[in-house]
file input.cif (mmCIF, C-alpha atoms and all ligand atoms)
data_final
#
loop_
_atom_site.label_atom_id
_atom_site.label_comp_id
_atom_site.auth_asym_id
_atom_site.auth_seq_id
_atom_site.Cartn_x
_atom_site.Cartn_y
_atom_site.Cartn_z
CA MET A 1 0.00 0.00 0.00
CA GLY A 2 1.31 3.46 -0.96
CA LYS A 3 0.92 6.58 1.11
CA PRO A 4 -2.58 8.10 1.38
CA ARG A 5 -3.16 10.85 -1.15
CA ILE A 6 -3.77 14.54 -0.54
CA PHE A 7 -5.19 17.00 -3.07
CA SER A 8 -5.73 20.72 -2.62
CA GLY A 9 -5.63 23.93 -4.62
CA ILE A 10 -5.80 27.71 -4.64
CA GLN A 11 -7.19 30.08 -7.25
CA PRO A 12 -4.73 32.44 -8.94
CA THR A 13 -6.89 35.50 -8.40
CA GLY A 14 -5.03 38.31 -6.69
CA ASP A 15 -2.28 37.94 -4.13
CA LEU A 16 -2.25 35.06 -1.66
CA HIS A 17 -2.80 36.26 1.89
CA LEU A 18 -2.37 35.02 5.45
CA GLY A 19 -5.77 33.28 5.29
CA ASN A 20 -4.60 31.12 2.37
CA TYR A 21 -1.34 30.42 4.15
CA LEU A 22 -2.68 29.60 7.61
CA GLY A 23 -5.91 27.95 6.46
CA ALA A 24 -4.37 25.86 3.70
CA ILE A 25 -0.68 25.92 2.65
CA ARG A 26 0.84 25.71 6.14
CA ASN A 27 -1.14 22.51 6.73
CA TRP A 28 -0.04 21.06 3.41
CA VAL A 29 3.58 21.67 4.33
CA GLU A 30 3.37 20.24 7.84
CA GLY A 31 2.26 16.73 7.00
CA GLN A 32 3.68 16.45 3.50
CA SER A 33 6.12 13.59 4.06
CA HIS A 34 3.32 11.26 5.20
CA TYR A 35 1.30 11.66 2.01
CA ASP A 36 1.42 11.49 -1.76
CA ASN A 37 0.53 15.13 -2.45
CA PHE A 38 -0.99 16.91 -5.43
CA PHE A 39 -1.16 20.69 -5.16
CA CYS A 40 -2.88 22.40 -8.02
CA VAL A 41 -3.11 26.03 -9.12
CA VAL A 42 -6.80 26.05 -10.04
CA ASP A 43 -6.76 28.52 -12.91
CA LEU A 44 -10.03 27.29 -14.47
CA HIS A 45 -11.75 28.45 -11.29
CA ALA A 46 -10.25 31.89 -11.72
CA ILE A 47 -12.52 32.76 -14.67
CA THR A 48 -15.80 32.16 -12.80
CA VAL A 49 -15.70 35.87 -12.00
CA SER A 50 -14.48 38.52 -14.42
CA HIS A 51 -10.73 38.25 -14.82
CA ASN A 52 -7.84 39.93 -16.55
CA PRO A 53 -6.39 37.67 -19.33
CA ALA A 54 -3.14 39.64 -19.33
CA ALA A 55 -2.55 38.75 -15.67
CA LEU A 56 -3.74 35.13 -15.56
CA ALA A 57 -0.52 33.38 -16.62
CA ALA A 58 1.69 35.52 -14.35
CA ASP A 59 -0.66 35.01 -11.37
CA THR A 60 -0.67 31.27 -12.00
CA HIS A 61 3.14 31.19 -11.95
CA SER A 62 3.22 33.33 -8.86
CA VAL A 63 0.94 30.96 -6.90
CA ALA A 64 3.00 27.94 -7.96
CA ALA A 65 6.17 29.75 -6.82
CA LEU A 66 4.51 30.54 -3.49
CA TYR A 67 3.67 26.86 -2.93
CA LEU A 68 7.38 26.14 -3.22
CA SER A 69 8.51 29.13 -1.19
CA CYS A 70 6.13 28.23 1.65
CA GLY A 71 7.91 24.88 1.93
CA ILE A 72 6.26 22.36 -0.40
CA GLU A 73 8.94 19.86 -1.40
CA LEU A 74 8.97 18.19 -4.80
CA GLU A 75 10.19 14.99 -3.22
CA HIS A 76 6.74 14.63 -1.65
CA ALA A 77 4.47 16.66 -3.88
CA SER A 78 3.50 17.36 -7.46
CA ILE A 79 2.68 20.96 -8.27
CA PHE A 80 0.69 21.57 -11.43
CA VAL A 81 -1.78 23.84 -13.20
CA GLN A 82 -5.42 22.76 -13.54
CA SER A 83 -5.83 23.89 -17.17
CA HIS A 84 -2.80 21.80 -18.19
CA VAL A 85 -4.65 18.57 -17.34
CA SER A 86 -7.74 18.42 -19.54
CA ALA A 87 -9.28 15.56 -17.51
CA HIS A 88 -10.45 18.20 -14.99
CA SER A 89 -12.79 19.89 -17.47
CA GLU A 90 -13.95 16.60 -18.92
CA LEU A 91 -14.83 14.99 -15.61
CA ALA A 92 -16.52 18.24 -14.53
CA TRP A 93 -18.92 17.90 -17.48
CA LEU A 94 -19.75 14.28 -16.63
CA LEU A 95 -20.34 15.17 -12.99
CA ASN A 96 -22.47 18.19 -13.94
CA CYS A 97 -24.86 15.82 -15.66
CA ILE A 98 -25.52 13.83 -12.49
CA THR A 99 -25.62 16.80 -10.06
CA PRO A 100 -29.08 18.08 -9.12
CA LEU A 101 -29.40 21.81 -9.74
CA ASN A 102 -30.72 22.54 -6.25
CA TRP A 103 -27.54 21.11 -4.66
CA LEU A 104 -25.61 23.87 -6.42
CA GLN A 105 -28.13 26.59 -5.70
CA ASP A 106 -27.78 25.78 -1.99
CA MET A 107 -24.05 26.59 -1.89
CA VAL A 108 -23.42 29.52 0.45
CA GLN A 109 -20.46 30.85 -1.58
CA PHE A 110 -22.58 30.83 -4.74
CA LYS A 111 -25.32 32.79 -3.03
CA GLU A 112 -22.85 35.31 -1.61
CA LYS A 113 -20.95 35.82 -4.86
CA ALA A 114 -24.15 35.88 -6.93
CA ILE A 115 -25.50 38.69 -4.77
CA LYS A 116 -22.27 40.65 -5.30
CA GLN A 117 -22.42 40.18 -9.08
CA GLY A 118 -26.06 41.17 -9.42
CA GLU A 119 -27.51 40.37 -12.82
CA ASN A 120 -24.22 39.39 -14.33
CA VAL A 121 -23.93 35.90 -12.82
CA GLY A 122 -22.27 33.39 -15.14
CA ALA A 123 -23.19 29.70 -15.17
CA GLY A 124 -19.55 28.99 -14.22
CA LEU A 125 -20.14 30.48 -10.80
CA LEU A 126 -22.96 28.02 -10.17
CA ASN A 127 -21.05 25.04 -11.58
CA TYR A 128 -17.75 25.85 -9.91
CA PRO A 129 -18.18 23.36 -7.02
CA VAL A 130 -18.64 20.56 -9.59
CA LEU A 131 -15.28 21.45 -11.14
CA MET A 132 -13.83 21.40 -7.62
CA ALA A 133 -15.35 17.94 -7.09
CA ALA A 134 -13.76 16.79 -10.37
CA ASP A 135 -10.37 18.15 -9.22
CA ILE A 136 -10.48 16.09 -6.06
CA LEU A 137 -12.14 12.91 -7.35
CA LEU A 138 -9.74 12.48 -10.30
CA TYR A 139 -6.91 11.67 -7.90
CA ASP A 140 -8.63 9.01 -5.72
CA THR A 141 -7.95 11.53 -2.99
CA ASP A 142 -8.01 10.48 0.67
CA LYS A 143 -7.74 13.89 2.33
CA VAL A 144 -8.35 17.50 1.32
CA PRO A 145 -6.79 20.12 3.62
CA VAL A 146 -8.70 23.40 3.27
CA GLY A 147 -9.94 26.39 5.26
CA GLU A 148 -13.37 26.44 6.88
CA ASP A 149 -15.02 28.25 3.93
CA GLN A 150 -14.56 25.20 1.68
CA LYS A 151 -16.28 22.73 4.01
CA GLN A 152 -19.62 22.83 2.19
CA HIS A 153 -17.93 22.24 -1.16
CA LEU A 154 -16.20 19.19 0.28
CA GLU A 155 -19.52 17.81 1.51
CA LEU A 156 -20.92 18.35 -1.97
CA THR A 157 -17.92 16.52 -3.47
CA ARG A 158 -18.70 13.51 -1.30
CA ASP A 159 -22.40 13.67 -2.24
CA ILE A 160 -21.57 13.81 -5.96
CA ALA A 161 -19.16 10.86 -5.68
CA ALA A 162 -21.71 8.85 -3.70
CA ARG A 163 -24.40 9.61 -6.28
CA LEU A 164 -22.19 8.53 -9.17
CA ASN A 165 -21.27 5.34 -7.32
CA TYR A 166 -24.95 4.65 -6.60
CA LEU A 167 -26.02 5.27 -10.19
CA TYR A 168 -23.15 3.62 -12.05
CA GLY A 169 -21.11 1.52 -9.63
CA THR A 170 -21.72 -1.40 -7.33
CA GLU A 171 -21.27 -1.58 -3.59
CA GLU A 172 -18.28 -3.89 -4.00
CA LYS A 173 -16.81 -1.81 -6.82
CA PRO A 174 -17.41 1.91 -6.30
CA VAL A 175 -16.22 4.06 -9.21
CA LEU A 176 -14.97 6.99 -7.12
CA LYS A 177 -13.34 7.27 -3.71
CA LEU A 178 -15.02 9.52 -1.11
CA PRO A 179 -12.47 12.06 0.24
CA GLU A 180 -12.26 13.43 3.79
CA PRO A 181 -11.90 17.14 4.48
CA VAL A 182 -9.11 18.20 6.83
CA ILE A 183 -9.90 21.51 8.53
CA ARG A 184 -7.72 22.63 11.42
CA THR A 185 -9.22 24.48 14.34
CA GLU A 186 -6.63 27.24 14.45
CA GLY A 187 -6.22 29.40 11.36
CA ALA A 188 -9.13 27.76 9.50
CA ARG A 189 -10.90 31.11 9.35
CA VAL A 190 -8.58 34.12 9.37
CA MET A 191 -10.62 37.30 9.56
CA SER A 192 -10.31 40.66 7.80
CA LEU A 193 -8.10 43.32 9.41
CA THR A 194 -10.80 45.93 8.88
CA ASP A 195 -13.80 43.87 10.07
CA GLY A 196 -13.32 40.94 12.44
CA THR A 197 -16.69 39.45 11.48
CA ARG A 198 -15.74 38.92 7.81
CA LYS A 199 -13.13 36.49 6.53
CA MET A 200 -9.88 37.75 5.05
CA SER A 201 -10.43 37.52 1.31
CA LYS A 202 -8.71 38.17 -2.01
CA SER A 203 -11.92 39.71 -3.31
CA ASP A 204 -12.22 42.39 -0.60
CA PRO A 205 -11.82 45.69 -2.47
CA SER A 206 -9.63 47.08 0.31
CA ASP A 207 -6.04 45.82 0.35
CA MET A 208 -5.84 47.08 3.94
CA SER A 209 -8.15 44.22 4.97
CA ARG A 210 -5.48 41.56 4.40
CA ILE A 211 -1.79 40.82 4.80
CA ASN A 212 -0.50 39.40 1.53
CA LEU A 213 2.36 36.93 1.60
CA LEU A 214 4.46 39.25 -0.56
CA ASP A 215 3.73 42.50 1.26
CA PRO A 216 6.96 44.36 2.09
CA PRO A 217 7.70 45.06 5.79
CA ASP A 218 6.63 48.72 5.73
CA LEU A 219 3.25 47.82 4.25
CA ILE A 220 2.69 45.10 6.84
CA GLN A 221 3.51 47.64 9.52
CA GLN A 222 1.04 50.13 8.06
CA LYS A 223 -1.73 47.56 7.78
CA ILE A 224 -1.37 46.37 11.37
CA LYS A 225 -1.07 49.94 12.62
CA ARG A 226 -4.36 50.88 10.98
CA CYS A 227 -6.26 47.62 11.55
CA LYS A 228 -9.51 47.66 13.49
CA THR A 229 -9.32 47.07 17.26
CA ASP A 230 -11.57 47.75 20.26
CA SER A 231 -11.32 49.86 23.36
CA VAL A 232 -11.52 47.11 25.99
CA ARG A 233 -8.50 47.02 28.34
CA GLY A 234 -6.33 43.89 28.18
CA LEU A 235 -6.32 41.45 25.27
CA THR A 236 -8.42 38.27 25.29
CA PHE A 237 -9.45 35.48 22.95
CA ASP A 238 -13.18 36.03 22.68
CA ASP A 239 -14.61 35.31 19.23
CA SER A 240 -18.13 36.49 19.86
CA GLU A 241 -17.54 39.67 21.89
CA ARG A 242 -14.14 40.73 20.54
CA PRO A 243 -13.74 39.36 16.99
CA GLU A 244 -10.88 41.70 16.01
CA CYS A 245 -8.91 41.08 19.19
CA SER A 246 -9.39 37.35 18.94
CA ASN A 247 -8.30 37.32 15.29
CA LEU A 248 -5.13 39.33 15.94
CA LEU A 249 -4.16 37.19 18.94
CA THR A 250 -4.71 34.06 16.84
CA LEU A 251 -2.47 35.43 14.09
CA TYR A 252 0.21 36.20 16.66
CA MET A 253 -0.16 32.77 18.26
CA ILE A 254 0.22 30.83 15.00
CA LEU A 255 2.92 33.00 13.45
CA SER A 256 5.05 32.88 16.61
CA ASN A 257 4.43 29.15 17.19
CA GLN A 258 3.07 29.63 20.68
CA THR A 259 0.22 27.93 22.49
CA LYS A 260 -3.07 29.66 23.24
CA GLU A 261 -2.30 29.49 26.97
CA SER A 262 1.04 31.23 26.63
CA VAL A 263 -0.40 34.00 24.42
CA THR A 264 -3.37 34.44 26.77
CA GLN A 265 -0.98 34.92 29.68
CA LYS A 266 1.52 37.09 27.85
CA CYS A 267 -1.06 39.47 26.37
CA ALA A 268 -3.63 39.64 29.20
CA ASP A 269 -2.38 43.03 30.42
CA MET A 270 -1.17 44.47 27.13
CA GLY A 271 -2.62 47.46 25.34
CA TRP A 272 -2.74 47.81 21.55
CA GLY A 273 0.28 50.12 21.61
CA GLN A 274 2.39 47.29 22.94
CA PHE A 275 0.76 44.41 21.04
CA LYS A 276 0.68 45.86 17.52
CA PRO A 277 4.48 46.27 17.19
CA LEU A 278 4.89 42.72 18.52
CA LEU A 279 2.49 41.32 15.93
CA THR A 280 4.13 43.41 13.20
CA GLU A 281 7.58 42.13 14.04
CA THR A 282 6.30 38.54 14.20
CA ALA A 283 4.47 38.76 10.87
CA ILE A 284 7.45 40.32 9.10
CA ALA A 285 9.82 37.67 10.50
CA ALA A 286 7.46 34.82 9.56
CA LEU A 287 7.05 36.05 5.97
CA LYS A 288 10.68 36.96 5.31
CA PRO A 289 11.94 33.44 4.46
CA ILE A 290 8.91 32.88 2.20
CA GLN A 291 9.54 36.14 0.37
CA ASP A 292 13.30 35.51 0.01
CA LYS A 293 12.67 32.06 -1.45
CA TYR A 294 9.93 33.40 -3.74
CA TYR A 295 12.20 35.97 -5.38
CA GLU A 296 14.95 33.37 -5.70
CA ILE A 297 12.60 30.98 -7.53
CA MET A 298 11.22 33.70 -9.79
CA ALA A 299 14.75 34.76 -10.75
CA GLU A 300 15.70 31.32 -12.04
CA PRO A 301 14.66 31.17 -15.70
CA GLY A 302 12.84 28.01 -16.74
CA TYR A 303 12.79 26.44 -13.28
CA LEU A 304 9.09 26.90 -12.61
CA ASP A 305 8.12 25.70 -16.08
CA HIS A 306 10.13 22.56 -15.45
CA VAL A 307 8.37 21.99 -12.10
CA LEU A 308 4.93 22.50 -13.67
CA LYS A 309 5.69 20.22 -16.61
CA GLN A 310 6.81 17.44 -14.30
CA GLY A 311 3.73 18.09 -12.14
CA ARG A 312 1.48 17.83 -15.15
CA GLU A 313 2.97 14.49 -16.18
CA ARG A 314 2.53 13.04 -12.70
CA ALA A 315 -1.01 14.41 -12.46
CA GLU A 316 -2.04 13.03 -15.83
CA ALA A 317 -0.72 9.58 -14.93
CA ILE A 318 -3.35 9.42 -12.17
CA ALA A 319 -6.13 11.60 -13.55
CA ASN A 320 -6.45 10.04 -17.02
CA PRO A 321 -7.07 6.47 -15.81
CA THR A 322 -9.69 7.74 -13.32
CA LEU A 323 -11.44 9.64 -16.08
CA ALA A 324 -11.36 6.51 -18.27
CA LYS A 325 -12.89 4.50 -15.43
CA VAL A 326 -15.75 6.99 -15.01
CA LYS A 327 -16.39 7.10 -18.76
CA ALA A 328 -16.50 3.32 -18.94
CA ALA A 329 -18.95 3.21 -16.02
CA LEU A 330 -21.18 5.70 -17.82
CA GLY A 331 -21.16 3.52 -20.93
CA TYR A 332 -18.66 5.26 -23.18
CA SER A 333 -16.38 3.10 -25.24
CA MET A 334 -13.46 4.17 -27.36
CA PRO A 335 -11.67 2.04 -29.98
CA LEU A 336 -7.98 1.63 -29.14
P1 LIG A 401 -9.49 29.85 -2.54
O1 LIG A 401 -8.56 30.04 -3.67
O2 LIG A 401 -10.52 30.86 -2.25
O3 LIG A 401 -8.67 29.64 -1.20
C1 LIG A 401 -7.59 28.72 -1.14
C2 LIG A 401 -7.48 28.08 0.24
O4 LIG A 401 -7.34 29.09 1.24
C3 LIG A 401 -8.36 28.92 2.24
N1 LIG A 401 -8.76 30.26 2.73
C4 LIG A 401 -8.78 30.60 4.02
N2 LIG A 401 -8.47 29.92 5.13
C5 LIG A 401 -8.56 30.58 6.31
N3 LIG A 401 -8.97 31.87 6.43
C6 LIG A 401 -9.30 32.60 5.33
N4 LIG A 401 -9.67 33.88 5.46
C7 LIG A 401 -9.20 31.96 4.06
N5 LIG A 401 -9.44 32.38 2.78
C8 LIG A 401 -9.15 31.32 1.99
C9 LIG A 401 -9.50 28.22 1.53
O5 LIG A 401 -10.34 27.54 2.42
C10 LIG A 401 -8.75 27.28 0.62
O6 LIG A 401 -8.36 26.10 1.32
N6 LIG A 401 -12.56 26.41 -4.51
C11 LIG A 401 -11.32 26.64 -3.83
C12 LIG A 401 -10.12 26.18 -4.62
C13 LIG A 401 -10.20 24.76 -5.08
C14 LIG A 401 -9.90 23.61 -4.31
C15 LIG A 401 -10.09 22.52 -5.20
C16 LIG A 401 -9.52 23.42 -2.99
C17 LIG A 401 -10.53 24.36 -6.34
N7 LIG A 401 -10.46 23.01 -6.41
C18 LIG A 401 -9.90 21.20 -4.77
C19 LIG A 401 -9.32 22.10 -2.56
C20 LIG A 401 -9.52 21.03 -3.44
C21 LIG A 401 -11.13 28.13 -3.58
O7 LIG A 401 -11.73 28.95 -4.21
O8 LIG A 401 -10.17 28.42 -2.65
#
call {"tool": "encode", "arguments": {"input": "input.cif", "output": "structure tokens"}}
result
Amino acid sequence: MGKPRIFSGIQPTGDLHLGNYLGAIRNWVEGQSHYDNFFCVVDLHAITVSHNPAALAADTHSVAALYLSCGIELEHASIFVQSHVSAHSELAWLLNCITPLNWLQDMVQFKEKAIKQGENVGAGLLNYPVLMAADILLYDTDKVPVGEDQKQHLELTRDIAARLNYLYGTEEKPVLKLPEPVIRTEGARVMSLTDGTRKMSKSDPSDMSRINLLDPPDLIQQKIKRCKTDSVRGLTFDDSERPECSNLLTLYMILSNQTKESVTQKCADMGWGQFKPLLTETAIAALKPIQDKYYEIMAEPGYLDHVLKQGRERAEAIANPTLAKVKAALGYSMPL
């Protein structure tokens, strides 16, 4: 028996931020040697909202480089681009045809994004979770490490796989494997710096709401200096009453590798004037090695293309047979 398989991905829309890092990438890095990992830059997802064609390729490269600079090792993981492996689109179509429309209309992210887009909602936005299901199911994935906001999409993925198995498989021989979500308690929902009740997001129009992984030190300092706080004395973890305070303490705790107890004790009597410089210094120090590595990777001509080509080959070796299995179960036959 080989190692269990992990699949996860991030959209190349805008800069990656601390939410993406703490909710997803950090967890990929931590357990990587115990798994056979596939980390995908999900560029087909990036066009479900209006996008800039001139920036898509560069953003895709940048996300792949960030996977590596955050510590993903090619000895344990394949890094590849979704649009390079055509099985993703093809399986998405097959799965769309067995997915009830109301399952998709019930997705919270669809409802939220559809409201934002008003009348201009593309069908891709509705069908996006089916493409995500295809991403995961193509790799016979065991575990999918994601942030809290993707939980519902993972449940849908399991429902779609179970439905396909029920319709076209047998109990002894299921066609698709049902994956498990992996969502950590700490860092699974990093909140905005300007509103502690909303998650940190690439789509927030204000850049001051997030710390991006490539923000230079002076910008990080500015963002933390101006971030929203409260006027209660002493700092406490209290999600419901003090969302901003709780979020900032959590960031400090994770980025400085401390326990909740030690941060609770250390910060109990602090004011913002003392805590903010501490958090700033911690965030800058935590991001520095990632940024140094990122610029090193980007400066090496051809390196990233080589990584992505190798990733594509490894991905296709698993994805294509799974797609063939699904097609056969649905009754398609192709002469050799
Ligand atoms: P995306 O690109 O929005 O986010 C990528 C990852 O970052 C996590 N994340 C957060 N975690 C904590 N706090 C936050 N504020 C925060 N914001 C984002 C997300 O939960 C996610 O793990 N549909 C997915 C991409 C995708 C995918 C997949 C993921 C496509 N196919 C297959 C896993 C498996 C998305 O839009 O994530």
call {"tool": "closest_atom_pairs", "arguments": {"input": "input.cif", "of": "chain A", "to": "ligand LIG 401 (chain A)", "cutoff": "6 Å", "atoms": "all atoms listed in the file", "output": "CSV"}}
result
residue,atom,partner,partner_atom,distance
A:Phe7,CA,A:LIG401,C20,5.9
A:Ser8,CA,A:LIG401,C19,3.8
A:Gly9,CA,A:LIG401,C16,4.2
A:Ile10,CA,A:LIG401,O1,3.7
A:Gln11,CA,A:LIG401,O1,3.8
A:Gly19,CA,A:LIG401,C6,3.6
A:Asn20,CA,A:LIG401,O4,3.6
A:Gly23,CA,A:LIG401,N2,3.5
A:Ala24,CA,A:LIG401,O6,4.7
A:Val42,CA,A:LIG401,C17,5.5
A:Met132,CA,A:LIG401,N7,3.9
A:Asp135,CA,A:LIG401,C18,5.4
A:Ile136,CA,A:LIG401,C18,5.3
A:Val146,CA,A:LIG401,O6,3.3
A:Gly147,CA,A:LIG401,O5,3.1
A:Glu148,CA,A:LIG401,O5,5.5
A:Asp149,CA,A:LIG401,O5,5.0
A:Gln150,CA,A:LIG401,O5,4.9
A:Gly187,CA,A:LIG401,C5,5.7
A:Ala188,CA,A:LIG401,C5,4.3
A:Arg189,CA,A:LIG401,N3,3.6
A:Val190,CA,A:LIG401,N3,3.7
A:Met191,CA,A:LIG401,N4,5.4
A:Lys199,CA,A:LIG401,N4,4.5
A:Met200,CA,A:LIG401,N4,3.9
A:Ser201,CA,A:LIG401,N5,5.4
call {"tool": "atom_distance", "arguments": {"input": "input.cif", "atom1": "CA of Leu308 (chain A)", "atom2": "CA of Tyr294 (chain A)"}}
result
15.6 Å
call {"tool": "residues_around", "arguments": {"input": "input.cif", "residues": "Val29 (chain A)", "least_positions_apart": "6", "cutoff": "9 Å", "atoms": "only C-alpha atoms", "output": "PyMOL selection string"}}
result
chain A and resi 67+70-73
call {"tool": "atom_distance", "arguments": {"input": "input.cif", "atom1": "CA of Leu178 (chain A)", "atom2": "CA of Thr157 (chain A)"}}
result
7.9 Å
call {"tool": "atom_distance", "arguments": {"input": "input.cif", "atom1": "CA of Leu248 (chain A)", "atom2": "CA of Pro216 (chain A)"}}
result
19.1 Å
call {"tool": "axis_aligned_box", "arguments": {"input": "input.cif", "around": "region 135-142 of chain A", "padding_each_side": "6 Å", "output": "AutoDock Vina command-line options"}}
result
--center_x -9.5 --center_y 13.6 --center_z -4.8 --size_x 17.2 --size_y 21.1 --size_z 23.0
call {"tool": "residues_around", "arguments": {"input": "input.cif", "residues": "Leu94 (chain A)", "least_positions_apart": "5", "cutoff": "10 Å", "atoms": "all atoms listed in the file", "output": "PyMOL selection string"}}
result
chain A and resi 89+99+130+134+164+323+326-327+330
call {"tool": "residues_near_point", "arguments": {"input": "input.cif", "point": "(-25.7, 15.1, -11.4)", "cutoff": "10 Å", "atoms": "only C-alpha atoms", "output": "ChimeraX atom specification"}}
result
/A:93-101,103,130,159-161,163-164,167
call {"tool": "closest_residue", "arguments": {"input": "input.cif", "among": "A:Leu44, A:Ile224, A:Ala324, A:Leu137", "to": "Trp272 (chain A)", "atoms": "all atoms listed in the file"}}
result
A:Ile224
call {"tool": "closest_residue", "arguments": {"input": "input.cif", "among": "A:Ala123, A:Leu235, A:Leu138, A:Ala65", "to": "Ile6 (chain A)", "atoms": "all atoms listed in the file"}}
result
A:Leu138
call {"tool": "residues_around", "arguments": {"input": "input.cif", "residues": "Thr250 (chain A)", "least_positions_apart": "3", "cutoff": "9 Å", "atoms": "only C-alpha atoms", "output": "list in words"}}
result
Glu186, Gly187, Val190, Phe237, Cys245, Ser246, Asn247, Met253, Ile254, Leu255, Lys260 and Val263 of chain A
